[in-house]
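File shown here: final_13.cif, holding mmCIF, C-alpha atoms.
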data_start
loop_
_atom_site.label_atom_id
_atom_site.label_comp_id
_atom_site.auth_asym_id
_atom_site.auth_seq_id
_atom_site.Cartn_x
_atom_site.Cartn_y
_atom_site.Cartn_z
CA MET A 1 -8.14 -4.91 16.86
CA GLU A 2 -10.95 -2.61 18.01
CA ASN A 3 -10.97 -4.08 21.52
CA GLY A 4 -7.27 -3.27 21.92
CA GLU A 5 -6.04 -6.81 21.32
CA GLN A 6 -2.97 -7.17 19.11
CA ILE A 7 -2.10 -10.25 17.06
CA LEU A 8 1.50 -10.61 15.87
CA LEU A 9 1.67 -11.79 12.28
CA GLY A 10 5.17 -13.27 12.35
CA GLY A 11 5.97 -16.97 12.60
CA GLU A 12 4.21 -19.84 10.81
CA GLN A 13 1.23 -20.84 12.97
CA GLU A 14 -2.26 -20.35 11.55
CA VAL A 15 -5.03 -18.65 13.49
CA LYS A 16 -8.34 -20.31 12.58
CA PRO A 17 -11.82 -18.96 13.28
CA GLU A 18 -13.06 -22.07 15.04
CA GLU A 19 -10.12 -21.85 17.45
CA GLU A 20 -10.32 -18.12 18.17
CA ASN A 21 -14.05 -17.47 17.75
CA ARG A 22 -13.40 -15.01 14.96
CA ASN A 23 -14.43 -14.63 11.32
CA PHE A 24 -10.94 -14.72 9.80
CA VAL A 25 -7.99 -17.02 9.15
CA ILE A 26 -4.38 -15.84 9.43
CA ASP A 27 -1.87 -17.79 7.36
CA ARG A 28 1.51 -16.50 8.51
CA ARG A 29 3.43 -18.59 5.99
CA LYS A 30 1.56 -17.07 3.04
CA LYS A 31 1.46 -13.65 4.76
CA ASN A 32 -2.27 -13.18 4.34
CA ILE A 33 -5.52 -12.78 6.26
CA VAL A 34 -8.82 -14.07 4.87
CA TYR A 35 -12.15 -12.85 6.27
CA THR A 36 -15.48 -14.63 5.82
CA ASN A 37 -19.07 -13.47 6.21
CA ARG A 38 -19.52 -15.81 9.16
CA GLN A 39 -19.45 -14.01 12.49
CA GLY A 40 -18.06 -16.11 15.29
CA GLY A 41 -19.76 -16.07 18.70
CA GLU A 42 -22.16 -13.42 19.99
CA GLN A 43 -20.82 -10.43 18.07
CA LYS A 44 -23.28 -7.64 18.79
CA LYS A 45 -21.88 -5.16 16.26
CA TRP A 46 -19.42 -5.08 13.44
CA GLN A 47 -15.95 -3.90 14.40
CA TYR A 48 -12.96 -2.23 12.79
CA ASN A 49 -9.55 -3.89 12.81
CA THR A 50 -6.26 -2.29 11.82
CA LEU A 51 -3.57 -4.13 9.88
CA GLU A 52 -0.12 -2.55 10.27
CA VAL A 53 2.63 -3.64 7.87
CA PRO A 54 6.13 -2.62 9.03
CA ARG A 55 8.98 -1.35 6.87
CA GLY A 56 10.64 -4.19 4.99
CA ALA A 57 7.45 -6.28 4.73
CA GLU A 58 4.25 -6.70 2.71
CA TYR A 59 0.93 -8.43 3.36
CA GLU A 60 -2.26 -9.58 1.65
CA LEU A 61 -5.79 -9.24 2.97
CA ILE A 62 -9.12 -10.60 1.72
CA LEU A 63 -12.01 -8.63 3.16
CA ALA A 64 -15.38 -10.12 4.10
CA ASP A 65 -16.92 -9.09 0.74
CA GLY A 66 -14.17 -10.90 -1.21
CA THR A 67 -12.16 -7.76 -2.02
CA TYR A 68 -8.42 -8.43 -2.31
CA VAL A 69 -5.98 -5.90 -0.82
CA TRP A 70 -2.21 -5.98 -1.20
CA LEU A 71 -0.42 -3.76 1.35
CA ASN A 72 3.06 -2.36 0.76
CA ALA A 73 5.70 -1.73 3.42
CA ASP A 74 5.06 0.86 6.15
CA THR A 75 1.28 0.81 5.58
CA ARG A 76 -1.77 0.82 7.84
CA LEU A 77 -5.29 -0.18 6.79
CA ARG A 78 -8.34 0.18 9.05
CA TYR A 79 -11.28 -1.94 7.87
CA PRO A 80 -14.53 -3.51 9.14
CA THR A 81 -14.64 -7.19 10.00
CA CYS A 82 -17.86 -7.45 7.96
CA PHE A 83 -19.91 -5.19 5.71
CA ASN A 84 -23.51 -4.65 6.84
CA THR A 85 -24.11 -0.99 5.97
CA ASP A 86 -24.95 0.87 2.76
CA GLU A 87 -21.29 1.36 1.93
CA ARG A 88 -17.98 -0.47 2.23
CA ARG A 89 -15.39 1.94 3.67
CA VAL A 90 -11.75 1.44 4.67
CA TYR A 91 -9.08 3.90 5.86
CA LEU A 92 -5.56 3.87 4.42
CA GLU A 93 -2.21 5.37 5.34
CA GLY A 94 0.55 4.11 3.08
CA GLU A 95 0.24 2.21 -0.19
CA ALA A 96 -2.19 -0.53 -1.18
CA TYR A 97 -3.50 -2.18 -4.33
CA PHE A 98 -7.22 -3.00 -4.35
CA GLN A 99 -9.12 -5.56 -6.42
CA VAL A 100 -12.70 -4.73 -5.41
CA THR A 101 -15.60 -7.17 -5.56
CA LYS A 102 -18.39 -5.61 -7.61
CA ASP A 103 -21.53 -4.65 -5.67
CA THR A 104 -23.45 -1.74 -7.20
CA ALA A 105 -25.71 -1.45 -4.15
CA HIS A 106 -22.77 -0.96 -1.78
CA PRO A 107 -20.05 1.39 -3.09
CA PHE A 108 -16.51 0.71 -1.90
CA ARG A 109 -14.66 3.76 -0.53
CA VAL A 110 -10.99 4.16 0.40
CA GLU A 111 -10.42 7.15 2.64
CA SER A 112 -7.01 8.70 3.28
CA GLU A 113 -5.91 12.00 4.79
CA ALA A 114 -6.54 14.14 1.68
CA GLN A 115 -9.15 12.27 -0.34
CA VAL A 116 -11.84 9.62 -0.73
CA VAL A 117 -11.79 7.14 -3.64
CA GLU A 118 -15.14 5.58 -4.57
CA VAL A 119 -15.54 2.47 -6.73
CA LEU A 120 -18.13 -0.16 -7.56
CA GLY A 121 -15.80 -2.91 -8.75
CA THR A 122 -12.33 -2.32 -10.14
CA GLN A 123 -8.56 -2.53 -9.64
CA PHE A 124 -6.54 0.47 -8.51
CA ASN A 125 -3.55 1.56 -6.45
CA VAL A 126 -3.54 4.24 -3.73
CA TYR A 127 -0.29 5.82 -2.54
CA ALA A 128 -0.99 7.88 0.57
CA TYR A 129 1.99 7.98 2.94
CA GLY A 130 1.47 10.51 5.72
CA HIS A 131 5.01 11.91 5.56
CA GLU A 132 4.96 12.60 1.81
CA GLU A 133 3.60 15.71 0.16
CA ARG A 134 1.20 14.17 -2.36
CA THR A 135 -1.32 11.34 -2.61
CA TYR A 136 -1.62 9.32 -5.83
CA THR A 137 -4.54 7.21 -7.05
CA THR A 138 -3.87 5.09 -10.15
CA LEU A 139 -6.60 3.21 -12.01
CA VAL A 140 -5.67 -0.15 -13.55
CA GLU A 141 -9.11 -1.43 -14.56
CA GLY A 142 -12.70 -0.18 -14.37
CA LYS A 143 -13.59 3.33 -13.17
CA VAL A 144 -13.13 5.26 -9.93
CA ALA A 145 -14.09 8.68 -8.59
CA VAL A 146 -11.65 10.69 -6.47
CA THR A 147 -12.93 13.43 -4.16
CA ALA A 148 -10.65 15.93 -2.42
CA SER A 149 -11.56 16.09 1.27
CA ALA A 150 -10.76 19.79 1.66
CA SER A 151 -12.30 21.31 -1.49
CA GLY A 152 -14.86 18.69 -2.53
CA GLN A 153 -13.37 18.62 -6.05
CA HIS A 154 -14.52 15.46 -7.82
CA VAL A 155 -12.84 13.72 -10.77
CA GLN A 156 -13.36 10.38 -12.51
CA LEU A 157 -10.44 8.32 -13.77
CA MET A 158 -10.16 6.01 -16.75
CA PRO A 159 -7.71 3.05 -16.89
CA GLY A 160 -4.12 4.25 -17.16
CA GLN A 161 -4.82 7.57 -15.47
CA GLN A 162 -3.50 8.83 -12.14
CA ALA A 163 -4.94 11.50 -9.84
CA SER A 164 -2.41 13.49 -7.80
CA LEU A 165 -3.42 15.62 -4.81
CA GLY A 166 -1.43 17.54 -2.20
CA ARG A 167 -1.90 16.40 1.40
CA GLN A 168 -2.83 19.93 2.40
CA GLY A 169 -5.39 20.31 -0.38
CA GLY A 170 -5.17 22.11 -3.70
CA GLU A 171 -6.38 20.94 -7.10
CA ILE A 172 -6.51 17.32 -8.20
CA VAL A 173 -4.18 16.83 -11.18
CA VAL A 174 -5.00 13.98 -13.61
CA GLY A 175 -2.52 12.50 -16.09
CA GLU A 176 -1.47 9.35 -17.93
CA VAL A 177 1.09 7.12 -16.21
CA ASN A 178 3.08 3.92 -16.67
CA ILE A 179 0.90 1.48 -14.71
CA GLN A 180 3.67 -1.10 -14.53
CA GLN A 181 5.89 1.32 -12.65
CA VAL A 182 3.13 2.24 -10.20
CA VAL A 183 2.26 -1.36 -9.25
CA ASP A 184 5.79 -2.77 -9.54
CA TRP A 185 5.92 -3.47 -5.80
CA LYS A 186 2.91 -5.83 -6.00
CA ASN A 187 4.62 -7.84 -8.73
CA GLY A 188 7.93 -8.22 -6.91
CA MET A 189 9.85 -5.66 -8.96
CA PHE A 190 11.33 -2.19 -8.80
CA VAL A 191 10.49 -0.53 -12.14
CA PHE A 192 12.35 2.71 -12.83
CA ASP A 193 10.98 4.50 -15.89
CA ASP A 194 12.79 7.86 -15.92
CA LEU A 195 12.51 7.98 -12.12
CA SER A 196 14.69 10.26 -9.98
CA LEU A 197 17.13 8.80 -7.46
CA GLU A 198 15.23 10.56 -4.66
CA ALA A 199 11.99 8.79 -5.63
CA ILE A 200 13.79 5.46 -6.02
CA LEU A 201 15.42 5.67 -2.60
CA ARG A 202 12.09 6.44 -0.93
CA LYS A 203 10.92 3.03 -2.16
CA VAL A 204 14.22 1.39 -1.21
CA ALA A 205 14.13 2.88 2.31
CA ARG A 206 10.68 1.47 3.06
CA TRP A 207 11.44 -1.96 1.65
CA TYR A 208 14.89 -2.47 3.17
CA ASP A 209 14.10 -0.49 6.36
CA VAL A 210 16.96 1.99 6.06
CA GLU A 211 17.31 5.75 6.51
CA VAL A 212 18.76 7.74 3.61
CA PHE A 213 21.30 10.52 4.17
CA TYR A 214 22.45 12.67 1.22
CA ARG A 215 26.00 13.98 1.35
CA ASN A 216 25.54 14.71 -2.36
CA GLN A 217 22.31 16.70 -2.64
CA GLN A 218 22.61 16.98 -6.42
CA ALA A 219 22.34 13.20 -6.72
CA LYS A 220 18.62 13.41 -5.87
CA ALA A 221 17.86 14.58 -9.41
CA ILE A 222 19.72 11.78 -11.25
CA VAL A 223 17.25 9.86 -13.43
CA PHE A 224 17.29 6.08 -13.87
CA LYS A 225 15.54 3.66 -16.21
CA GLY A 226 15.37 -0.13 -15.73
CA ASN A 227 13.90 -3.07 -13.81
CA LEU A 228 15.31 -4.74 -10.71
CA PRO A 229 13.97 -7.64 -8.58
CA ARG A 230 12.45 -6.44 -5.31
CA TYR A 231 13.58 -9.48 -3.33
CA GLY A 232 17.31 -9.12 -4.01
CA GLU A 233 19.90 -7.99 -1.50
CA LEU A 234 20.32 -4.25 -0.99
CA PRO A 235 24.07 -4.13 -1.83
CA GLU A 236 23.30 -5.76 -5.20
CA LEU A 237 20.70 -3.13 -6.02
CA LEU A 238 23.03 -0.30 -5.00
CA LYS A 239 25.81 -1.72 -7.16
CA VAL A 240 23.55 -1.63 -10.21
CA LEU A 241 22.67 2.01 -9.52
CA GLU A 242 26.35 2.91 -9.06
CA ASN A 243 27.29 1.24 -12.35
CA SER A 244 24.60 3.28 -14.12
CA SER A 245 25.68 6.73 -12.91
CA GLU A 246 28.26 8.79 -11.05
CA VAL A 247 26.60 8.27 -7.67
CA HIS A 248 28.16 6.19 -4.87
CA PHE A 249 26.65 4.60 -1.76
CA SER A 250 27.85 3.38 1.60
CA LEU A 251 25.96 1.53 4.34
CA LYS A 252 26.56 2.20 8.02
CA GLY A 253 24.16 0.18 10.14
CA ASN A 254 20.69 1.01 8.88
CA THR A 255 21.80 4.32 7.31
CA LEU A 256 22.29 4.52 3.54
CA ILE A 257 24.69 7.35 2.65
CA VAL A 258 24.55 8.88 -0.85
CA GLU A 259 27.89 10.33 -1.95
#
Kindly return the structure encoded in the file as structure tokens.
Amino acid sequence: MENGEQILLGGEQEVKPEEENRNFVIDRRKKNIVYTNRQGGEQKKWQYNTLEVPRGAEYELILADGTYVWLNADTRLRYPTCFNTDERRVYLEGEAYFQVTKDTAHPFRVESEAQVVEVLGTQFNVYAYGHEERTYTTLVEGKVAVTASASGQHVQLMPGQQASLGRQGGEIVVGEVNIQQVVDWKNGMFVFDDLSLEAILRKVARWYDVEVFYRNQQAKAIVFKGNLPRYGELPELLKVLENSSEVHFSLKGNTLIVE
């Protein structure tokens, strides 16, 4: 939280606003936080909180304006506890799916390292991990505008389109994508539609909290197609991948070796 306080989200106990003098409820069993417009106590100014989701986990957040946010593993979202300015702005590192409450008088903006996404009311996914080379914004419903922070380039997306931008700048590239594959994580699935093993294992590493080591560098380019449940055991997923190709895996502690 902005005052330096940290609240651990594990366990099953609820944190209620009347108990903690805050404007949110934490339901640890459902893995979500719900904010309200009510400000507890003598809050002199609105504050920013940061929700950090570790590797191997996911979380849901309902902001004070009613906007739903689903956060993927290894993600951080900085957001205000209430919205009382001309805009609604949050800061993202990682991956999140947004279902934004429509309010034409107060645009909703998602800022990450390389870009700002502006919406009025829509559903979209932002993939902006700090250690990866590109940021991806995928529109599911409605309309969004993506602005590159470095160049000021501005593009509008239609449903089914994705904007791709390098973390260090460059031109925004817009193309059609398989929406199901992009938002598979939110729906409890891994969807591989002609996806390389390297891209698949990036998702696997975040979800199962493992490090990937390639003894076989050529295996990175192997392409897979199919659907697998996200909540299964890692050895089961690896066995399916092995049966579909010439690649082999071994697990040593939290290191996944590709052979």
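Of the residues listed (A:Gln168, A:Asn72, A:Gln99, A:Thr147), A:Asn72 shows the shortest atom-to-atom separation from Val204 of chain A; distances use all atoms listed in the file.
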Report task. Write out as a list of chain:residue names the residues lying within 10 Å of Val155 of chain A, counting all atoms listed in the file and excluding same-chain residues fewer than 3 positions away. Result ->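 What passes the distance filter is A:Val117, A:Val144, A:Ala145, A:Val146, A:Thr147, A:Ala148, A:Gly152, A:Ala163, A:Ile172, A:Val173, A:Val174.
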Query raised in the report: What lies within 7 Å of segment 89-96 of chain A using all atoms listed in the file, ignoring chain neighbours under 5 positions off, as a ChimeraX atom specification?
Result: /A:69-72,74-79,108-112,125-130
Report task. Apply the PyMOL selection byres ((chain A and resi 65) around 9) to the structure shown and report the selected residues as a list in words. Result ->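 This file gives the following for the PyMOL selection byres ((chain A and resi 65) around 9): Tyr35, Thr36, Asn37, Ile62, Leu63, Ala64, Gly66, Thr67, Cys82, Phe83, Arg88, Val100 and Thr101 of chain A.
One distance worth recording is that between atom CA of Glu198 of chain A and atom CA of Gly169 of chain A, which is 23.2 Å.
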Query raised in the report: Applied to this file, what does the PyMOL selection byres ((chain A and resi 138) around 12) return in terms of residues, put as a ChimeraX atom specification?
Result: /A:95-98,117,122-128,135-137,139-146,156-165,173-183
Query raised in the report: How many Å separate atom CA of Ile222 of chain A from atom CA of Asp194 of chain A?
Result: 9.2 Å
Query raised in the report: Can you tell me, as a list in words, what residues are no more than 8 Å from Val210 of chain A when counting all atoms listed in the file, ignoring any on the same chain fewer than 4 positions away?
Result: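 Non-adjacent residues within range: Val204, Ala205, Arg206, Asn254, Thr255 and Leu256 of chain A.
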Report task. Apply the PyMOL selection byres ((chain A and resi 217) around 12) to the displayed file and report the matching residues as number ranges by chain. Result -> A: 197-198, 212-216, 218-222, 247, 257-259
**Report entry** Exercise: Met189 of chain A partners within 7 Å, only C-alpha atoms, chain neighbours under 2 positions left out, as a ChimeraX atom specification
**Finding:** /A:184-185,187,191,227-230
Query raised in the report: Can you list, as JSON, numbers by chain, every protein, DNA or RNA residue that comes within 7 Å of Leu120 of chain A when you count all atoms listed in the file, leaving out same-chain residues fewer than 4 positions away?
Result: {"A": [102, 103, 104, 107, 108]}
Report task. Tell me, in Å to one decimal, how far atom CA of Val34 of chain A is from atom CA of Glu58 of chain A. Result -> 15.2 Å
